[in-house]
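Q: Got a structure for you, upload_32.pdb, holding PDB, C-alpha atoms.
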ATOM      1  CA  MET Y   1     100.398  94.503 122.855
ATOM      2  CA  ALA Y   2     101.691  93.081 119.546
ATOM      3  CA  LEU Y   3      99.249  95.282 117.624
ATOM      4  CA  LYS Y   4     100.507  98.388 119.405
ATOM      5  CA  HIS Y   5     104.095  97.378 118.735
ATOM      6  CA  ASN Y   6     103.434  96.914 115.019
ATOM      7  CA  LEU Y   7     101.778 100.301 114.696
ATOM      8  CA  VAL Y   8     104.515 102.124 116.568
ATOM      9  CA  ALA Y   9     107.231 100.305 114.620
ATOM     10  CA  ALA Y  10     105.662 101.187 111.283
ATOM     11  CA  PHE Y  11     105.323 104.859 112.179
ATOM     12  CA  LEU Y  12     108.905 104.820 113.437
ATOM     13  CA  GLY Y  13     109.968 103.485 110.054
ATOM     14  CA  ILE Y  14     108.296 106.436 108.351
ATOM     15  CA  PHE Y  15     109.960 108.905 110.726
ATOM     16  CA  LEU Y  16     113.353 107.315 110.052
ATOM     17  CA  VAL Y  17     112.780 107.831 106.340
ATOM     18  CA  SER Y  18     111.975 111.459 107.120
ATOM     19  CA  GLN Y  19     115.196 111.915 109.087
ATOM     20  CA  VAL Y  20     117.331 110.419 106.317
ATOM     21  CA  VAL Y  21     115.774 112.650 103.680
ATOM     22  CA  ALA Y  22     116.155 115.692 105.923
ATOM     23  CA  ALA Y  23     119.920 115.443 105.487
ATOM     24  CA  GLU Y  24     119.584 115.469 101.682
ATOM     25  CA  PRO Y  25     118.936 118.407  99.341
ATOM     26  CA  PRO Y  26     115.313 119.526  98.831
ATOM     27  CA  ALA Y  27     113.253 116.997  96.885
ATOM     28  CA  ASP Y  28     112.980 119.162  93.768
ATOM     29  CA  ALA Y  29     116.795 119.210  93.608
ATOM     30  CA  GLN Y  30     117.186 115.451  94.015
ATOM     31  CA  PRO Y  31     117.652 113.108  91.078
ATOM     32  CA  ALA Y  32     114.590 111.050  90.199
ATOM     33  CA  ALA Y  33     116.204 107.918  91.628
ATOM     34  CA  SER Y  34     116.361 109.490  95.114
ATOM     35  CA  GLN Y  35     112.694 110.433  94.996
ATOM     36  CA  GLU Y  36     111.715 106.966  93.858
ATOM     37  CA  ALA Y  37     113.773 105.432  96.672
ATOM     38  CA  PHE Y  38     111.969 107.643  99.193
ATOM     39  CA  ALA Y  39     108.605 106.652  97.728
ATOM     40  CA  GLN Y  40     109.470 102.963  97.904
ATOM     41  CA  LYS Y  41     110.436 103.312 101.565
ATOM     42  CA  MET Y  42     107.156 105.071 102.272
ATOM     43  CA  ARG Y  43     105.234 102.318 100.484
ATOM     44  CA  SER Y  44     107.034  99.587 102.392
ATOM     45  CA  ALA Y  45     106.436 101.354 105.717
ATOM     46  CA  TYR Y  46     102.740 101.796 104.925
ATOM     47  CA  ARG Y  47     102.297  98.166 103.916
ATOM     48  CA  ALA Y  48     104.002  97.112 107.139
ATOM     49  CA  MET Y  49     101.088  98.729 108.964
ATOM     50  CA  ILE Y  50      98.446  96.516 107.324
ATOM     51  CA  PRO Y  51      98.246  94.087 110.302
ATOM     52  CA  SER Y  52      97.694  97.043 112.620
ATOM     53  CA  ALA Y  53      94.356  97.761 110.920
ATOM     54  CA  GLY Y  54      92.975  94.537 112.388
ATOM     55  CA  ALA Y  55      91.076  91.640 110.880
ATOM     56  CA  PRO Y  56      89.000  92.507 107.806
ATOM     57  CA  ASP Y  57      85.251  92.103 108.218
ATOM     58  CA  PRO Y  58      83.486  89.653 105.908
ATOM     59  CA  VAL Y  59      81.591  91.088 102.952
ATOM     60  CA  ALA Y  60      79.392  89.358 100.398
ATOM     61  CA  GLU Y  61      81.934  89.706  97.593
ATOM     62  CA  VAL Y  62      85.254  91.313  96.743
ATOM     63  CA  ARG Y  63      85.783  91.545  93.000
ATOM     64  CA  SER Y  64      88.982  92.682  91.296
ATOM     65  CA  PHE Y  65      88.600  94.281  87.877
ATOM     66  CA  THR Y  66      90.018  97.004  85.650
ATOM     67  CA  ILE Y  67      88.516 100.201  84.297
ATOM     68  CA  ALA Y  68      89.534 101.368  80.830
ATOM     69  CA  ALA Y  69      90.439 105.039  80.461
ATOM     70  CA  LYS Y  70      91.808 107.198  77.665
ATOM     71  CA  ASN Y  71      94.265 110.074  77.192
ATOM     72  CA  PRO Y  72      96.461 108.162  77.776
ATOM     73  CA  ASN Y  73      94.979 104.736  77.119
ATOM     74  CA  ARG Y  74      95.300 102.761  80.342
ATOM     75  CA  LEU Y  75      93.646 100.231  82.599
ATOM     76  CA  ILE Y  76      92.968 101.302  86.189
ATOM     77  CA  PRO Y  77      92.927  98.382  88.654
ATOM     78  CA  ALA Y  78      90.062  98.499  91.133
ATOM     79  CA  ARG Y  79      88.151  96.460  93.680
ATOM     80  CA  LEU Y  80      84.419  96.219  94.164
ATOM     81  CA  TYR Y  81      83.130  95.488  97.671
ATOM     82  CA  VAL Y  82      79.561  94.196  98.027
ATOM     83  CA  PRO Y  83      78.107  94.582 101.547
ATOM     84  CA  GLU Y  84      77.562  91.388 103.489
ATOM     85  CA  THR Y  85      73.807  91.591 103.967
ATOM     86  CA  ALA Y  86      72.949  92.958 100.527
ATOM     87  CA  ALA Y  87      74.273  90.298  98.145
ATOM     88  CA  ALA Y  88      70.935  89.766  96.403
ATOM     89  CA  ARG Y  89      69.865  93.397  96.273
ATOM     90  CA  THR Y  90      70.110  95.829  93.359
ATOM     91  CA  GLY Y  91      69.978  99.594  93.205
ATOM     92  CA  LEU Y  92      72.518 100.016  96.000
ATOM     93  CA  PRO Y  93      74.268 103.346  96.504
ATOM     94  CA  VAL Y  94      77.871 103.521  95.339
ATOM     95  CA  ILE Y  95      80.886 104.923  97.193
ATOM     96  CA  ILE Y  96      84.167 105.541  95.394
ATOM     97  CA  TYR Y  97      86.852 105.287  98.085
ATOM     98  CA  ILE Y  98      90.175 106.995  97.304
ATOM     99  CA  HIS Y  99      92.952 105.754  99.573
ATOM    100  CA  GLY Y 100      95.449 108.010 101.288
ATOM    101  CA  GLY Y 101      99.220 107.782 101.405
ATOM    102  CA  GLY Y 102     100.576 111.222 100.603
ATOM    103  CA  PHE Y 103     100.124 110.848  96.824
ATOM    104  CA  VAL Y 104     103.091 108.437  96.766
ATOM    105  CA  SER Y 105     102.009 105.402  98.803
ATOM    106  CA  GLY Y 106      98.984 103.414  99.947
ATOM    107  CA  ASP Y 107      97.115 100.809  97.932
ATOM    108  CA  LEU Y 108      94.046  98.597  97.964
ATOM    109  CA  ASP Y 109      95.455  96.373 100.724
ATOM    110  CA  THR Y 110      96.397  99.188 103.105
ATOM    111  CA  HIS Y 111      92.763 100.322 103.153
ATOM    112  CA  ASP Y 112      90.982  96.979 102.814
ATOM    113  CA  VAL Y 113      89.688  96.955 106.414
ATOM    114  CA  LEU Y 114      88.280 100.476 106.111
ATOM    115  CA  THR Y 115      86.604  99.935 102.734
ATOM    116  CA  ARG Y 116      84.940  96.755 103.973
ATOM    117  CA  ALA Y 117      83.647  98.576 107.044
ATOM    118  CA  LEU Y 118      82.198 101.349 104.883
ATOM    119  CA  ALA Y 119      80.503  98.865 102.545
ATOM    120  CA  ASN Y 120      78.817  97.047 105.419
ATOM    121  CA  GLY Y 121      78.091 100.152 107.472
ATOM    122  CA  VAL Y 122      76.537 102.207 104.687
ATOM    123  CA  GLN Y 123      75.069  99.176 102.889
ATOM    124  CA  ALA Y 124      76.643 100.409  99.681
ATOM    125  CA  LEU Y 125      78.849  99.120  96.928
ATOM    126  CA  VAL Y 126      82.378 100.447  97.387
ATOM    127  CA  ILE Y 127      84.701 100.886  94.420
ATOM    128  CA  ALA Y 128      88.343 101.304  95.462
ATOM    129  CA  PRO Y 129      90.654 102.486  92.638
ATOM    130  CA  ASP Y 130      94.344 101.556  92.595
ATOM    131  CA  TYR Y 131      95.247 104.875  91.005
ATOM    132  CA  ARG Y 132      98.656 105.990  89.729
ATOM    133  CA  LEU Y 133     101.068 107.427  92.283
ATOM    134  CA  ALA Y 134     103.905 109.953  92.276
ATOM    135  CA  PRO Y 135     106.773 110.318  91.628
ATOM    136  CA  GLU Y 136     106.381 107.937  88.685
ATOM    137  CA  HIS Y 137     103.046 109.575  87.870
ATOM    138  CA  PRO Y 138     102.804 113.093  89.330
ATOM    139  CA  PHE Y 139      99.794 115.413  89.250
ATOM    140  CA  PRO Y 140      97.337 115.194  87.564
ATOM    141  CA  ALA Y 141      97.619 111.418  86.930
ATOM    142  CA  GLY Y 142      95.957 110.305  90.173
ATOM    143  CA  VAL Y 143      93.209 112.902  89.844
ATOM    144  CA  GLU Y 144      92.401 111.881  86.274
ATOM    145  CA  ASP Y 145      92.380 108.183  87.211
ATOM    146  CA  ASN Y 146      89.831 108.785  89.930
ATOM    147  CA  TYR Y 147      87.697 111.030  87.746
ATOM    148  CA  ALA Y 148      87.694 108.275  85.121
ATOM    149  CA  VAL Y 149      86.514 105.845  87.810
ATOM    150  CA  LEU Y 150      83.676 108.227  88.706
ATOM    151  CA  GLN Y 151      82.657 108.354  85.029
ATOM    152  CA  TRP Y 152      82.763 104.564  84.814
ATOM    153  CA  ALA Y 153      80.726 104.165  87.993
ATOM    154  CA  SER Y 154      78.054 106.514  86.706
ATOM    155  CA  ALA Y 155      77.821 104.689  83.375
ATOM    156  CA  HIS Y 156      77.994 101.138  84.757
ATOM    157  CA  ALA Y 157      76.422 101.333  88.211
ATOM    158  CA  ALA Y 158      73.274  99.468  87.193
ATOM    159  CA  GLY Y 159      75.349  96.630  85.763
ATOM    160  CA  ILE Y 160      77.034  95.979  89.119
ATOM    161  CA  GLY Y 161      73.888  96.368  91.197
ATOM    162  CA  GLY Y 162      74.289 100.056  91.932
ATOM    163  CA  ASP Y 163      72.220 103.208  91.584
ATOM    164  CA  PRO Y 164      73.874 105.839  89.324
ATOM    165  CA  ARG Y 165      71.790 108.552  91.014
ATOM    166  CA  ARG Y 166      73.404 107.824  94.393
ATOM    167  CA  ILE Y 167      77.173 108.045  94.070
ATOM    168  CA  ALA Y 168      79.401 109.488  96.789
ATOM    169  CA  ILE Y 169      83.160 109.948  96.930
ATOM    170  CA  ALA Y 170      85.212 109.442 100.080
ATOM    171  CA  GLY Y 171      88.894 109.416 100.940
ATOM    172  CA  ASP Y 172      91.457 109.938 103.658
ATOM    173  CA  SER Y 173      94.436 112.305 103.764
ATOM    174  CA  ALA Y 174      95.783 112.691 100.206
ATOM    175  CA  GLY Y 175      92.830 110.581  99.085
ATOM    176  CA  ALA Y 176      90.518 113.171 100.641
ATOM    177  CA  ASN Y 177      92.373 115.863  98.677
ATOM    178  CA  ILE Y 178      91.706 113.949  95.468
ATOM    179  CA  THR Y 179      88.112 113.313  96.571
ATOM    180  CA  THR Y 180      87.255 116.985  96.663
ATOM    181  CA  VAL Y 181      89.286 117.727  93.519
ATOM    182  CA  VAL Y 182      87.325 115.059  91.616
ATOM    183  CA  SER Y 183      84.152 116.702  92.921
ATOM    184  CA  MET Y 184      85.405 119.988  91.448
ATOM    185  CA  LEU Y 185      86.074 118.319  88.094
ATOM    186  CA  ALA Y 186      82.610 116.758  88.097
ATOM    187  CA  ARG Y 187      81.145 120.229  88.606
ATOM    188  CA  ASP Y 188      83.322 121.910  85.996
ATOM    189  CA  ARG Y 189      83.028 119.124  83.410
ATOM    190  CA  HIS Y 190      79.263 118.887  83.873
ATOM    191  CA  GLY Y 191      79.100 115.521  85.558
ATOM    192  CA  PRO Y 192      78.795 112.889  86.699
ATOM    193  CA  ALA Y 193      76.663 113.915  89.653
ATOM    194  CA  VAL Y 194      78.158 113.398  93.115
ATOM    195  CA  ALA Y 195      75.766 113.107  96.060
ATOM    196  CA  ALA Y 196      78.289 113.689  98.848
ATOM    197  CA  GLN Y 197      81.965 113.872  99.724
ATOM    198  CA  LEU Y 198      83.444 112.417 102.915
ATOM    199  CA  LEU Y 199      86.827 113.990 103.668
ATOM    200  CA  ILE Y 200      88.785 112.142 106.348
ATOM    201  CA  TYR Y 201      91.643 114.268 107.734
ATOM    202  CA  PRO Y 202      92.258 115.866 104.319
ATOM    203  CA  ASN Y 203      95.358 117.720 103.249
ATOM    204  CA  ILE Y 204      93.813 120.711 101.524
ATOM    205  CA  SER Y 205      96.635 123.251 101.236
ATOM    206  CA  SER Y 206     100.320 123.165 100.351
ATOM    207  CA  ARG Y 207     101.146 126.130 102.617
ATOM    208  CA  MET Y 208     101.606 124.311 105.955
ATOM    209  CA  ASP Y 209     101.205 127.628 107.778
ATOM    210  CA  THR Y 210      98.320 126.973 110.159
ATOM    211  CA  LEU Y 211      98.472 126.891 113.946
ATOM    212  CA  SER Y 212      98.171 123.088 113.931
ATOM    213  CA  TRP Y 213     101.160 122.853 111.575
ATOM    214  CA  LYS Y 214     103.143 125.146 113.861
ATOM    215  CA  LYS Y 215     102.141 123.147 116.919
ATOM    216  CA  TYR Y 216     102.434 119.571 115.621
ATOM    217  CA  GLY Y 217     104.283 119.748 112.312
ATOM    218  CA  GLU Y 218     107.683 118.804 113.688
ATOM    219  CA  THR Y 219     106.512 115.913 115.871
ATOM    220  CA  ASN Y 220     103.237 114.387 114.660
ATOM    221  CA  PHE Y 221     102.692 112.451 111.459
ATOM    222  CA  PRO Y 222     102.616 113.667 108.737
ATOM    223  CA  THR Y 223     105.552 115.851 109.702
ATOM    224  CA  ARG Y 224     106.387 118.988 107.770
ATOM    225  CA  ASN Y 225     109.439 117.266 106.309
ATOM    226  CA  ILE Y 226     107.501 114.237 105.089
ATOM    227  CA  MET Y 227     104.701 116.374 103.648
ATOM    228  CA  SER Y 228     107.214 118.608 101.874
ATOM    229  CA  GLN Y 229     108.851 115.591 100.254
ATOM    230  CA  MET Y 230     105.569 114.090  99.143
ATOM    231  CA  LEU Y 231     104.251 117.358  97.737
ATOM    232  CA  ALA Y 232     107.516 117.875  95.849
ATOM    233  CA  MET Y 233     106.993 114.521  94.150
ATOM    234  CA  TYR Y 234     103.298 115.080  93.465
ATOM    235  CA  ALA Y 235     103.814 118.635  92.173
ATOM    236  CA  PRO Y 236     107.350 118.549  90.763
ATOM    237  CA  LYS Y 237     109.344 121.507  89.501
ATOM    238  CA  GLY Y 238     107.295 123.511  87.035
ATOM    239  CA  VAL Y 239     103.949 122.616  88.664
ATOM    240  CA  ASP Y 240     102.430 125.246  90.940
ATOM    241  CA  PRO Y 241     101.516 123.626  94.303
ATOM    242  CA  ALA Y 242      99.029 126.475  94.851
ATOM    243  CA  ASN Y 243      96.965 125.209  91.908
ATOM    244  CA  PRO Y 244      93.427 124.696  93.283
ATOM    245  CA  LEU Y 245      93.469 121.144  91.949
ATOM    246  CA  ILE Y 246      96.435 120.501  94.259
ATOM    247  CA  SER Y 247      95.498 122.912  97.061
ATOM    248  CA  PRO Y 248      91.674 122.948  96.978
ATOM    249  CA  LEU Y 249      91.502 125.579  99.711
ATOM    250  CA  ASN Y 250      92.546 128.043  97.000
ATOM    251  CA  GLY Y 251      89.715 127.088  94.665
ATOM    252  CA  ASN Y 252      86.166 128.074  93.805
ATOM    253  CA  LEU Y 253      84.112 125.906  96.142
ATOM    254  CA  GLY Y 254      80.630 126.846  95.000
ATOM    255  CA  GLN Y 255      78.173 124.165  93.870
ATOM    256  CA  LEU Y 256      80.158 121.266  95.302
ATOM    257  CA  PRO Y 257      78.499 118.244  96.932
ATOM    258  CA  PRO Y 258      77.630 118.255 100.646
ATOM    259  CA  ALA Y 259      80.719 117.503 102.707
ATOM    260  CA  LEU Y 260      81.726 116.143 106.072
ATOM    261  CA  VAL Y 261      85.305 116.930 107.105
ATOM    262  CA  GLN Y 262      86.787 114.834 109.919
ATOM    263  CA  VAL Y 263      89.997 115.919 111.641
ATOM    264  CA  GLY Y 264      92.076 114.807 114.605
ATOM    265  CA  GLY Y 265      92.840 117.334 117.315
ATOM    266  CA  LEU Y 266      96.557 116.401 117.273
ATOM    267  CA  ASP Y 267      96.910 116.232 113.481
ATOM    268  CA  PRO Y 268      99.029 118.860 111.701
ATOM    269  CA  LEU Y 269      96.295 118.882 109.010
ATOM    270  CA  ARG Y 270      93.595 119.799 111.534
ATOM    271  CA  ASP Y 271      93.222 123.504 110.862
ATOM    272  CA  GLU Y 272      93.301 123.389 107.067
ATOM    273  CA  GLY Y 273      90.517 120.794 107.187
ATOM    274  CA  ARG Y 274      88.447 123.059 109.420
ATOM    275  CA  ALA Y 275      89.172 126.027 107.164
ATOM    276  CA  TYR Y 276      88.017 124.033 104.157
ATOM    277  CA  ALA Y 277      84.679 123.197 105.771
ATOM    278  CA  GLU Y 278      84.229 126.869 106.677
ATOM    279  CA  LYS Y 279      84.998 128.004 103.127
ATOM    280  CA  LEU Y 280      82.616 125.409 101.698
ATOM    281  CA  SER Y 281      79.868 126.726 103.967
ATOM    282  CA  ALA Y 282      80.668 130.325 103.019
ATOM    283  CA  SER Y 283      80.386 129.265  99.361
ATOM    284  CA  GLY Y 284      76.858 127.991  99.904
ATOM    285  CA  VAL Y 285      77.742 124.304 100.225
ATOM    286  CA  GLU Y 286      76.300 122.180 103.010
ATOM    287  CA  ALA Y 287      79.410 121.335 105.010
ATOM    288  CA  SER Y 288      80.473 120.581 108.551
ATOM    289  CA  ALA Y 289      83.650 119.611 110.367
ATOM    290  CA  ILE Y 290      84.073 117.299 113.329
ATOM    291  CA  THR Y 291      87.218 117.518 115.447
ATOM    292  CA  TYR Y 292      88.124 114.467 117.519
ATOM    293  CA  PRO Y 293      90.205 115.587 120.538
ATOM    294  CA  ASP Y 294      93.467 113.761 121.214
ATOM    295  CA  ALA Y 295      93.208 111.894 117.882
ATOM    296  CA  LYS Y 296      96.174 111.724 115.525
ATOM    297  CA  HIS Y 297      96.389 111.269 111.784
ATOM    298  CA  GLY Y 298      95.169 107.839 110.711
ATOM    299  CA  PHE Y 299      92.879 107.234 113.678
ATOM    300  CA  ILE Y 300      89.850 106.280 111.561
ATOM    301  CA  GLN Y 301      91.745 103.949 109.249
ATOM    302  CA  PHE Y 302      93.037 102.077 112.308
ATOM    303  CA  PHE Y 303      89.739 102.182 114.178
ATOM    304  CA  LYS Y 304      90.019  98.561 115.287
ATOM    305  CA  ASN Y 305      93.084  99.368 117.364
ATOM    306  CA  ARG Y 306      91.013 100.865 120.170
ATOM    307  CA  ALA Y 307      93.943 101.167 122.557
ATOM    308  CA  GLU Y 308      95.767 103.549 120.229
ATOM    309  CA  ASN Y 309      92.717 105.116 118.564
ATOM    310  CA  PRO Y 310      89.847 105.252 121.070
ATOM    311  CA  LEU Y 311      87.915 107.695 118.849
ATOM    312  CA  GLY Y 312      88.467 105.768 115.627
ATOM    313  CA  GLU Y 313      85.225 103.804 115.743
ATOM    314  CA  GLN Y 314      83.245 106.934 116.582
ATOM    315  CA  GLY Y 315      84.831 108.671 113.589
ATOM    316  CA  LEU Y 316      84.014 105.735 111.331
ATOM    317  CA  ASN Y 317      80.395 105.695 112.511
ATOM    318  CA  ASP Y 318      80.041 109.453 112.034
ATOM    319  CA  GLY Y 319      81.228 109.062 108.439
ATOM    320  CA  ILE Y 320      78.875 106.129 107.879
ATOM    321  CA  ASP Y 321      75.921 108.090 109.275
ATOM    322  CA  PHE Y 322      76.731 111.041 107.002
ATOM    323  CA  LEU Y 323      76.920 108.844 103.906
ATOM    324  CA  ARG Y 324      73.736 106.979 104.775
ATOM    325  CA  ARG Y 325      71.864 110.275 105.093
ATOM    326  CA  LYS Y 326      73.185 111.726 101.870
ATOM    327  CA  LEU Y 327      72.692 108.494  99.942
ATOM    328  CA  ALA Y 328      69.170 108.047 101.301
ATOM    329  CA  VAL Y 329      69.876 104.662 102.894
ATOM    330  CA  LYS Y 330      67.017 103.634 105.179
TER     331      LYS Y 330
END
Now, as a test, write the supplied structure out as structure tokens.
A:
Amino acid sequence: MALKHNLVAAFLGIFLVSQVVAAEPPADAQPAASQEAFAQKMRSAYRAMIPSAGAPDPVAEVRSFTIAAKNPNRLIPARLYVPETAAARTGLPVIIYIHGGGFVSGDLDTHDVLTRALANGVQALVIAPDYRLAPEHPFPAGVEDNYAVLQWASAHAAGIGGDPRRIAIAGDSAGANITTVVSMLARDRHGPAVAAQLLIYPNISSRMDTLSWKKYGETNFPTRNIMSQMLAMYAPKGVDPANPLISPLNGNLGQLPPALVQVGGLDPLRDEGRAYAEKLSASGVEASAITYPDAKHGFIQFFKNRAENPLGEQGLNDGIDFLRRKLAVK
């Protein structure tokens, strides 16, 4: 009962933020301080949900480190998760996991339970980047951070016990958006090679004009108001939100890695995720979508809360099975 209360209270906190901002001018007309205040409230609300994800599973090792990147020169904080039963093995597949949070929130701790479960389930090393967030660092900062992490993983996989020929990218929500955008950059910049992309309830378009948005966008998280605010911070005035690197549904999807798209039946993002899988398939990419009836946004991240997310564990296992197949894990 306490777990359910925590989850509901945290979501309520996010909705209250939404209602306060709804009374203010549009985000692109607000001073930077107002946007930063909104982002901080979102971050606090998200971190308040950490206990609702449940107890983290043991893994063999969790290592904090930084990845050096250029243009601009910076250090990207990251965590490496080594699966529990594979501590002495080498040549493990590698998953780069890009956390969600609407481009403005989320961090390594909010997704710790999920990344551990993926490491153990797939029997893979998981690298989780703590990438730059809007509004302090709008597009393309987060994208470039995660692409730099992919480059690092390809160059250094052997040194951490990984196989550079078996690298996948995965992410949820905004992290799934960045996942497929990084896959586009890897194609267009001629590497590194990506074996698969797991897209967990991705936001793929800035239009918010699908049937699922019309049906659930005013009531179910992420609401239209919250998404509008977050997109305005990620793609501020002067940046076209229809840019394919912000709205991948608008892009050239040929020659991308195989993809699994997972969506909740009650999620406003449901239909754009389905449309993305269909467009990938039409572009010659191996892609499929799974819809989980009666599931809301976040159901896989909070899979341990079975009372609230009865399909969360199934969704997690479907993603694990997909990654194991594409990474040739026996």
Q: Run the PyMOL selection byres ((chain Y and resi 220) around 9) on the file and write out the hits as a list of chain:residue names.
A: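 Selected by the PyMOL selection byres ((chain Y and resi 220) around 9) here: Y:Tyr216, Y:Gly217, Y:Glu218, Y:Thr219, Y:Phe221, Y:Pro222, Y:Thr223, Y:Arg224, Y:Leu266, Y:Asp267, Y:Pro268, Y:Lys296, Y:His297.
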Q: Please indicate the distance in Å from atom CA of Gly161 of chain Y to atom CA of Asp112 of chain Y, rounded to one decimal place.
A: 20.7 Å
Q: What separation in Å, quoted to one decimal, exists between atom CA of Pro241 of chain Y and atom CA of Gly254 of chain Y?
A: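 Interatomic distance, atom CA of Pro241 of chain Y to atom CA of Gly254 of chain Y: 21.1 Å.
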Q: To test your reading of the syntax: which residues would the PyMOL selection byres ((chain Y and resi 177) around 6) return for the file shown? Reply as a list in words.
A: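 On the file shown, the PyMOL selection byres ((chain Y and resi 177) around 6) covers Ala174, Gly175, Ala176, Ile178, Thr179, Thr180, Pro202, Asn203 and Ile204 of chain Y.
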Q: Closest to Ile300 of chain Y among Y:Ile200, Y:Leu92, Y:Ile50, Y:Ala328, using all atoms listed in the file?
A: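 Closest residue, counting all atoms listed in the file: Y:Ile200.
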Q: I'd like to know which of Y:His137, Y:Arg43, Y:His156, Y:Arg132 is closest to Asp109 of chain Y, using all atoms listed in the file.
A: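 For Asp109 of chain Y, the nearest of the given residues is Y:Arg43.
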Q: Taking the file as shown, find all residues satisfying the PyMOL selection byres ((chain Y and resi 55) around 12) and write them as number ranges by chain.
A: Y: 3, 50-54, 56-58, 111-114, 116-117, 302-305
Q: Find the distance between atom CA of Asp145 of chain Y and atom CA of Leu256 of chain Y and write it in Å to one decimal.
A: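 Separation between atom CA of Asp145 of chain Y and atom CA of Leu256 of chain Y: 19.6 Å.
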Q: Between Y:Phe103, Y:Tyr147, Y:Phe322, Y:Tyr292, which is the closest to Ala235 of chain Y once you count all atoms listed in the file?
A: Y:Phe103
Q: Which one is closest to Ser247 of chain Y: Y:Met184, Y:Arg165, Y:Pro72, Y:Ala282? Count only C-alpha atoms.
A: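 Among Y:Met184, Y:Arg165, Y:Pro72, Y:Ala282, it is Y:Met184 that comes nearest to Ser247 of chain Y.
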Q: Of the candidates Y:Gln262, Y:Ala277, Y:Pro83, Y:Val285, which one gets nearest to Gln314 of chain Y if we count only C-alpha atoms?
A: Y:Gln262
